[in-house]
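Read the structure below first, then the notes.
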Amino acid sequence: MNAVQPIPDEYPRVTPYLHVKGAADAIGFYKNVFGASERGRMDGPNGSIMHAEIEIGSSLIMVADEFPDMDAYAPGHYGGSPVSIHVYVQDADATFAAAIAAGATPLHEVADQFYGDRTGSFQDPWGHTWHVASRFEDVSPEELERRTAAQQRPS
């Protein structure tokens with residue numbers, strides 16, 4: 001008899017779980033913007049989604065509709081979310097533009113950063129903040145320390 005593994009091979013150790021109002025639409029947005037694929041879905045009552053799993057590259061995110069009776073609320077219930085999600089993509093500019101075209105709200109336009117990433121941030125229509133980034137320069141730890149110190153100097 002095989003022993004059950006406490007951490008299944010097909011799941012990463014840490015997986016974000018997003019609760020939204022309108023999970024089906026949110027999954028469509030993530031497919032359109034990030035090229036996500038849907039790994040599985042359990043439908044709930046009245047067209048809701050009890051649980052879904054999407055993959056973005058090699059990462060897994062779980063998504064479900066808001067279920068207040070289970071204390072599972074979307075960010076709007078709390079006035080927003082203090083959590084954000086960082087995603088490395090092939091082209092931060094294109095991904096950011098696709099998100100805005102699909103209804104996201106821009107928070108920070110895409111720009112080159114001192115640490116070697118080109119990043120931009122947006123809030124999706126369900127209240128989650130996403131940072132998209134593409135690496136354009138490998139920065140050594142020593143150079144990163146120098147640049148960080150330079151960023152902290154008063155002008």
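Chain labels A, B, ... are given in the sequence in which chains occur in the structure tokens; within each chain residues are numbered consecutively from 1, and ligands are likewise numbered from 1 in the order shown.
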Open item on the list: Taking the DSSP secondary structure from the backbone, can you list the residues of chain A that are helix (DSSP H, G or I), as a ChimeraX atom specification?
Closed with: /A:23-34,45-47,68-70,75-78,92-101,141-152
Restricting the output to N, CA and C atoms, write the selected residues as a short mmCIF file (atom, residue, chain, number, x, y, z; two decimals), in the first residue's frame.
```cif
data_model
loop_
_atom_site.label_atom_id
_atom_site.label_comp_id
_atom_site.auth_asym_id
_atom_site.auth_seq_id
_atom_site.Cartn_x
_atom_site.Cartn_y
_atom_site.Cartn_z
N ALA A 23 -16.18 34.91 -10.33
CA ALA A 23 -14.99 34.10 -10.59
C ALA A 23 -14.86 33.69 -12.05
N ALA A 24 -15.95 33.36 -12.70
CA ALA A 24 -15.86 32.95 -14.11
C ALA A 24 -15.28 34.07 -14.96
N ASP A 25 -15.76 35.29 -14.75
CA ASP A 25 -15.22 36.43 -15.50
C ASP A 25 -13.76 36.69 -15.14
N ALA A 26 -13.42 36.54 -13.86
CA ALA A 26 -12.03 36.75 -13.43
C ALA A 26 -11.11 35.73 -14.10
N ILE A 27 -11.54 34.49 -14.16
CA ILE A 27 -10.73 33.46 -14.82
C ILE A 27 -10.53 33.80 -16.28
N GLY A 28 -11.58 34.28 -16.94
CA GLY A 28 -11.45 34.72 -18.33
C GLY A 28 -10.44 35.85 -18.48
N PHE A 29 -10.46 36.80 -17.55
CA PHE A 29 -9.51 37.91 -17.54
C PHE A 29 -8.08 37.37 -17.41
N TYR A 30 -7.85 36.46 -16.46
CA TYR A 30 -6.51 35.92 -16.24
C TYR A 30 -6.04 35.11 -17.44
N LYS A 31 -6.95 34.43 -18.12
CA LYS A 31 -6.59 33.71 -19.34
C LYS A 31 -6.17 34.70 -20.42
N ASN A 32 -6.95 35.78 -20.59
CA ASN A 32 -6.68 36.78 -21.61
C ASN A 32 -5.39 37.54 -21.34
N VAL A 33 -5.19 37.99 -20.11
CA VAL A 33 -4.06 38.85 -19.77
C VAL A 33 -2.77 38.06 -19.58
N PHE A 34 -2.83 36.95 -18.85
CA PHE A 34 -1.62 36.21 -18.49
C PHE A 34 -1.43 34.91 -19.27
N PRO A 45 -23.66 26.72 -6.67
CA PRO A 45 -25.04 27.09 -6.99
C PRO A 45 -25.13 28.40 -7.76
N ASN A 46 -26.17 28.53 -8.55
CA ASN A 46 -26.49 29.76 -9.28
C ASN A 46 -25.36 30.26 -10.16
N GLY A 47 -24.63 29.35 -10.79
CA GLY A 47 -23.56 29.73 -11.70
C GLY A 47 -22.27 30.16 -11.02
N PRO A 68 -19.81 34.42 1.63
CA PRO A 68 -19.82 35.00 2.98
C PRO A 68 -20.16 34.00 4.08
N ASP A 69 -21.01 33.01 3.81
CA ASP A 69 -21.35 32.05 4.85
C ASP A 69 -20.17 31.16 5.23
N MET A 70 -19.11 31.21 4.42
CA MET A 70 -17.88 30.45 4.72
C MET A 70 -16.73 31.41 5.08
N PRO A 75 -12.04 41.24 -2.09
CA PRO A 75 -11.40 42.42 -1.51
C PRO A 75 -12.35 43.57 -1.18
N GLY A 76 -13.39 43.75 -1.96
CA GLY A 76 -14.33 44.85 -1.71
C GLY A 76 -14.97 44.81 -0.33
N HIS A 77 -15.14 43.63 0.22
CA HIS A 77 -15.71 43.47 1.55
C HIS A 77 -14.86 44.19 2.60
N TYR A 78 -13.55 44.23 2.35
CA TYR A 78 -12.61 44.82 3.29
C TYR A 78 -12.17 46.22 2.88
N ALA A 92 6.41 42.93 -20.11
CA ALA A 92 5.62 43.66 -19.11
C ALA A 92 4.73 44.72 -19.77
N ASP A 93 5.24 45.40 -20.79
CA ASP A 93 4.45 46.43 -21.46
C ASP A 93 3.21 45.84 -22.11
N ALA A 94 3.38 44.74 -22.83
CA ALA A 94 2.25 44.12 -23.52
C ALA A 94 1.24 43.56 -22.53
N THR A 95 1.72 42.93 -21.47
CA THR A 95 0.81 42.37 -20.46
C THR A 95 0.05 43.48 -19.76
N PHE A 96 0.73 44.54 -19.40
CA PHE A 96 0.09 45.69 -18.76
C PHE A 96 -0.99 46.27 -19.68
N ALA A 97 -0.65 46.46 -20.95
CA ALA A 97 -1.61 47.01 -21.92
C ALA A 97 -2.82 46.09 -22.08
N ALA A 98 -2.59 44.78 -22.11
CA ALA A 98 -3.71 43.83 -22.22
C ALA A 98 -4.61 43.91 -21.00
N ALA A 99 -4.01 44.07 -19.82
CA ALA A 99 -4.81 44.17 -18.59
C ALA A 99 -5.67 45.43 -18.61
N ILE A 100 -5.10 46.54 -19.00
CA ILE A 100 -5.85 47.80 -19.04
C ILE A 100 -6.97 47.70 -20.08
N ALA A 101 -6.66 47.13 -21.24
CA ALA A 101 -7.68 46.96 -22.29
C ALA A 101 -8.81 46.06 -21.83
N PRO A 141 24.65 41.43 -6.51
CA PRO A 141 24.28 41.87 -5.16
C PRO A 141 25.01 43.15 -4.73
N GLU A 142 26.28 43.27 -5.11
CA GLU A 142 27.04 44.48 -4.75
C GLU A 142 26.48 45.72 -5.45
N GLU A 143 26.18 45.57 -6.73
CA GLU A 143 25.62 46.70 -7.48
C GLU A 143 24.23 47.04 -6.98
N LEU A 144 23.44 46.04 -6.63
CA LEU A 144 22.10 46.28 -6.10
C LEU A 144 22.19 47.05 -4.79
N GLU A 145 23.14 46.68 -3.94
CA GLU A 145 23.33 47.40 -2.68
C GLU A 145 23.68 48.86 -2.93
N ARG A 146 24.58 49.10 -3.89
CA ARG A 146 24.97 50.47 -4.24
C ARG A 146 23.77 51.26 -4.76
N ARG A 147 23.02 50.65 -5.67
CA ARG A 147 21.86 51.35 -6.25
C ARG A 147 20.77 51.60 -5.21
N THR A 148 20.56 50.65 -4.31
CA THR A 148 19.57 50.82 -3.26
C THR A 148 19.94 51.99 -2.38
N ALA A 149 21.21 52.07 -1.99
CA ALA A 149 21.69 53.19 -1.17
C ALA A 149 21.50 54.52 -1.89
N ALA A 150 21.76 54.53 -3.19
CA ALA A 150 21.60 55.76 -3.97
C ALA A 150 20.14 56.19 -4.02
N GLN A 151 19.21 55.23 -4.03
CA GLN A 151 17.78 55.54 -4.05
C GLN A 151 17.32 56.16 -2.75
N GLN A 152 18.02 55.85 -1.65
CA GLN A 152 17.61 56.29 -0.33
C GLN A 152 18.22 57.62 0.08
#
```
Open item on the list: Need the shell around Pro12 in chain A: protein/DNA/RNA residues with any atom at most 9 Å away, counting only C-alpha atoms. Skip same-chain ones fewer than 3 positions apart. Format as a ChimeraX atom specification?
Closed with: /A:7-9,15,59-60
Kindly export the residues of the current selection with C-alpha atoms, as a compact mmCIF listing (two decimals), in the first residue's frame.
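Writing done, so here's result-v9.txt:
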```
# COMPACT_ATOMS: atom_id res chain seq x y z
CA ILE A 7 2.23 17.58 0.17
CA PRO A 8 0.97 16.39 -3.22
CA ASP A 9 3.50 16.45 -6.07
CA THR A 15 -0.62 28.69 -3.50
CA SER A 59 2.54 28.75 -10.93
CA LEU A 60 -0.83 27.75 -9.53
```
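The two atoms in question, CA of Gly57 in chain A and CA of Tyr88 in chain A, are spaced 9.4 Å apart.
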- [ ] Would you kindly return, as a VMD selection string, each protein, DNA or RNA residue with an atom no farther than 10 Å from any atom of Asp91 in chain A, considering only C-alpha atoms and excluding same-chain residues fewer than 4 positions away?
- [x] chain A and resid 95 to 96 118 to 119 132 to 135
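Rounded to one decimal, CA of Arg153 in chain A and CA of Val110 in chain A lie 23.5 Å from each other.
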- [ ] Using only C-alpha atoms, find the one residue out of A:Pro125, A:Gly116, A:Gly40, A:Pro82 that sits nearest to Met62 in chain A.
- [x]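 So, comparing all the options, the nearest one is A:Gly40.
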TODO: Identify, with DSSP run on backbone atoms, the residues in range 9-151 of chain A assigned to strand (DSSP E), and express the list as a PyMOL selection string.
DONE: chain A and resi 17-20+37-43+49-56+59-65+84-88+105-112+117-123+129-135
Written selection (N, CA and C atoms) as a compact mmCIF listing (two decimals), in the first residue's frame:
```txt
# COMPACT_ATOMS: atom_id res chain seq x y z
N TYR A 17 -4.88 32.00 -3.03
CA TYR A 17 -6.29 31.68 -3.24
C TYR A 17 -7.03 33.00 -3.32
N LEU A 18 -7.58 33.31 -4.50
CA LEU A 18 -8.27 34.57 -4.71
C LEU A 18 -9.78 34.37 -4.65
N HIS A 19 -10.44 35.12 -3.79
CA HIS A 19 -11.90 35.14 -3.75
C HIS A 19 -12.35 36.42 -4.45
N VAL A 20 -13.32 36.27 -5.34
CA VAL A 20 -13.79 37.39 -6.15
C VAL A 20 -15.31 37.32 -6.29
N SER A 37 -4.12 28.97 -17.94
CA SER A 37 -4.92 27.82 -18.35
C SER A 37 -5.67 27.32 -17.12
N GLU A 38 -6.86 26.83 -17.38
CA GLU A 38 -7.68 26.34 -16.28
C GLU A 38 -7.39 24.86 -16.08
N ARG A 39 -7.03 24.50 -14.86
CA ARG A 39 -6.66 23.13 -14.53
C ARG A 39 -7.85 22.34 -14.02
N GLY A 40 -8.82 23.00 -13.43
CA GLY A 40 -9.99 22.31 -12.92
C GLY A 40 -10.95 23.30 -12.31
N ARG A 41 -12.22 22.86 -12.18
CA ARG A 41 -13.26 23.75 -11.66
C ARG A 41 -14.35 22.92 -11.01
N MET A 42 -14.85 23.43 -9.87
CA MET A 42 -16.03 22.85 -9.22
C MET A 42 -17.10 23.93 -9.19
N ASP A 43 -18.14 23.72 -9.95
CA ASP A 43 -19.22 24.70 -10.01
C ASP A 43 -20.06 24.65 -8.75
N ILE A 49 -18.69 29.66 -8.80
CA ILE A 49 -17.59 28.72 -8.82
C ILE A 49 -17.15 28.51 -7.37
N MET A 50 -17.27 27.27 -6.92
CA MET A 50 -16.85 26.92 -5.56
C MET A 50 -15.33 26.88 -5.44
N HIS A 51 -14.69 26.40 -6.50
CA HIS A 51 -13.24 26.26 -6.49
C HIS A 51 -12.77 26.07 -7.93
N ALA A 52 -11.72 26.77 -8.30
CA ALA A 52 -11.08 26.57 -9.60
C ALA A 52 -9.58 26.71 -9.41
N GLU A 53 -8.85 26.10 -10.31
CA GLU A 53 -7.40 26.19 -10.29
C GLU A 53 -6.94 26.63 -11.66
N ILE A 54 -6.09 27.68 -11.68
CA ILE A 54 -5.52 28.15 -12.93
C ILE A 54 -4.00 28.10 -12.82
N GLU A 55 -3.37 27.91 -13.95
CA GLU A 55 -1.92 27.92 -14.01
C GLU A 55 -1.46 29.09 -14.87
N ILE A 56 -0.49 29.81 -14.34
CA ILE A 56 0.19 30.87 -15.09
C ILE A 56 1.65 30.43 -15.12
N SER A 59 3.16 28.36 -12.20
CA SER A 59 2.54 28.75 -10.93
C SER A 59 1.06 28.38 -10.91
N LEU A 60 0.57 28.12 -9.73
CA LEU A 60 -0.83 27.75 -9.53
C LEU A 60 -1.51 28.81 -8.68
N ILE A 61 -2.72 29.18 -9.07
CA ILE A 61 -3.55 30.09 -8.29
C ILE A 61 -4.94 29.46 -8.20
N MET A 62 -5.49 29.45 -7.01
CA MET A 62 -6.85 28.97 -6.81
C MET A 62 -7.78 30.18 -6.82
N VAL A 63 -8.97 30.01 -7.41
CA VAL A 63 -9.93 31.10 -7.55
C VAL A 63 -11.31 30.58 -7.20
N ALA A 64 -12.07 31.39 -6.49
CA ALA A 64 -13.46 31.02 -6.18
C ALA A 64 -14.28 32.28 -6.01
N ASP A 65 -15.57 32.11 -6.15
CA ASP A 65 -16.47 33.22 -5.87
C ASP A 65 -16.47 33.49 -4.37
N SER A 84 -0.70 41.73 -2.74
CA SER A 84 -0.54 41.88 -4.18
C SER A 84 0.19 40.67 -4.73
N ILE A 85 0.09 40.49 -6.03
CA ILE A 85 0.67 39.33 -6.69
C ILE A 85 1.67 39.83 -7.73
N HIS A 86 2.87 39.27 -7.69
CA HIS A 86 3.95 39.65 -8.61
C HIS A 86 4.10 38.54 -9.64
N VAL A 87 4.10 38.89 -10.92
CA VAL A 87 4.21 37.90 -11.99
C VAL A 87 5.29 38.33 -12.97
N TYR A 88 6.28 37.47 -13.19
CA TYR A 88 7.25 37.71 -14.26
C TYR A 88 6.62 37.26 -15.57
N THR A 105 -7.45 48.66 -13.76
CA THR A 105 -7.13 50.06 -13.45
C THR A 105 -5.63 50.20 -13.27
N PRO A 106 -4.99 51.09 -14.03
CA PRO A 106 -3.54 51.25 -13.86
C PRO A 106 -3.22 51.87 -12.51
N LEU A 107 -2.20 51.35 -11.86
CA LEU A 107 -1.72 51.91 -10.59
C LEU A 107 -0.36 52.57 -10.78
N HIS A 108 0.55 51.87 -11.46
CA HIS A 108 1.88 52.41 -11.78
C HIS A 108 2.20 51.99 -13.20
N GLU A 109 2.46 52.97 -14.05
CA GLU A 109 2.81 52.67 -15.44
C GLU A 109 4.10 51.85 -15.49
N VAL A 110 4.27 51.10 -16.54
CA VAL A 110 5.46 50.27 -16.70
C VAL A 110 6.68 51.17 -16.87
N ALA A 111 7.74 50.85 -16.13
CA ALA A 111 8.98 51.62 -16.20
C ALA A 111 10.15 50.75 -15.77
N ASP A 112 11.34 51.12 -16.25
CA ASP A 112 12.56 50.43 -15.83
C ASP A 112 12.85 50.79 -14.38
N ASP A 117 14.50 45.24 -13.27
CA ASP A 117 13.21 44.80 -13.82
C ASP A 117 12.48 45.98 -14.43
N ARG A 118 11.70 45.70 -15.44
CA ARG A 118 10.75 46.66 -16.00
C ARG A 118 9.40 46.25 -15.43
N THR A 119 8.78 47.12 -14.63
CA THR A 119 7.57 46.73 -13.91
C THR A 119 6.45 47.74 -14.09
N GLY A 120 5.24 47.25 -13.92
CA GLY A 120 4.04 48.07 -13.87
C GLY A 120 3.03 47.38 -12.97
N SER A 121 2.09 48.15 -12.44
CA SER A 121 1.09 47.59 -11.52
C SER A 121 -0.31 48.01 -11.93
N PHE A 122 -1.25 47.11 -11.71
CA PHE A 122 -2.65 47.41 -11.98
C PHE A 122 -3.53 46.67 -10.99
N GLN A 123 -4.75 47.17 -10.86
CA GLN A 123 -5.75 46.48 -10.05
C GLN A 123 -6.74 45.84 -11.01
N THR A 129 -4.48 43.47 -6.71
CA THR A 129 -3.37 44.21 -7.30
C THR A 129 -2.34 43.23 -7.86
N TRP A 130 -1.92 43.50 -9.08
CA TRP A 130 -0.93 42.67 -9.77
C TRP A 130 0.24 43.55 -10.17
N HIS A 131 1.46 43.03 -9.99
CA HIS A 131 2.67 43.67 -10.49
C HIS A 131 3.21 42.77 -11.59
N VAL A 132 3.41 43.32 -12.78
CA VAL A 132 3.99 42.54 -13.87
C VAL A 132 5.41 43.05 -14.10
N ALA A 133 6.31 42.12 -14.36
CA ALA A 133 7.71 42.49 -14.51
C ALA A 133 8.39 41.63 -15.55
N SER A 134 9.35 42.23 -16.24
CA SER A 134 10.25 41.54 -17.14
C SER A 134 11.67 41.98 -16.78
N ARG A 135 12.55 41.04 -16.59
CA ARG A 135 13.94 41.35 -16.26
C ARG A 135 14.64 41.87 -17.49
```
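Going from CA of Ala72 in chain A over to CA of Val4 in chain A, you cover 28.4 Å.
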TODO: Name the closest residue to Ser58 in chain A among the candidates A:Ala102, A:Ala74, A:Glu10, A:Gln90; distances are taken between atoms, counting only C-alpha atoms.
DONE: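 Going through A:Ala102, A:Ala74, A:Glu10, A:Gln90 one by one, the smallest distance to Ser58 in chain A is for A:Glu10.
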TODO: Measuring atom to atom with only C-alpha atoms, identify which of A:Gly103, A:Trp126, A:Val89, A:Phe114 is nearest to Gly35 in chain A.
DONE: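 For Gly35 in chain A, the nearest of the given residues is A:Val89.
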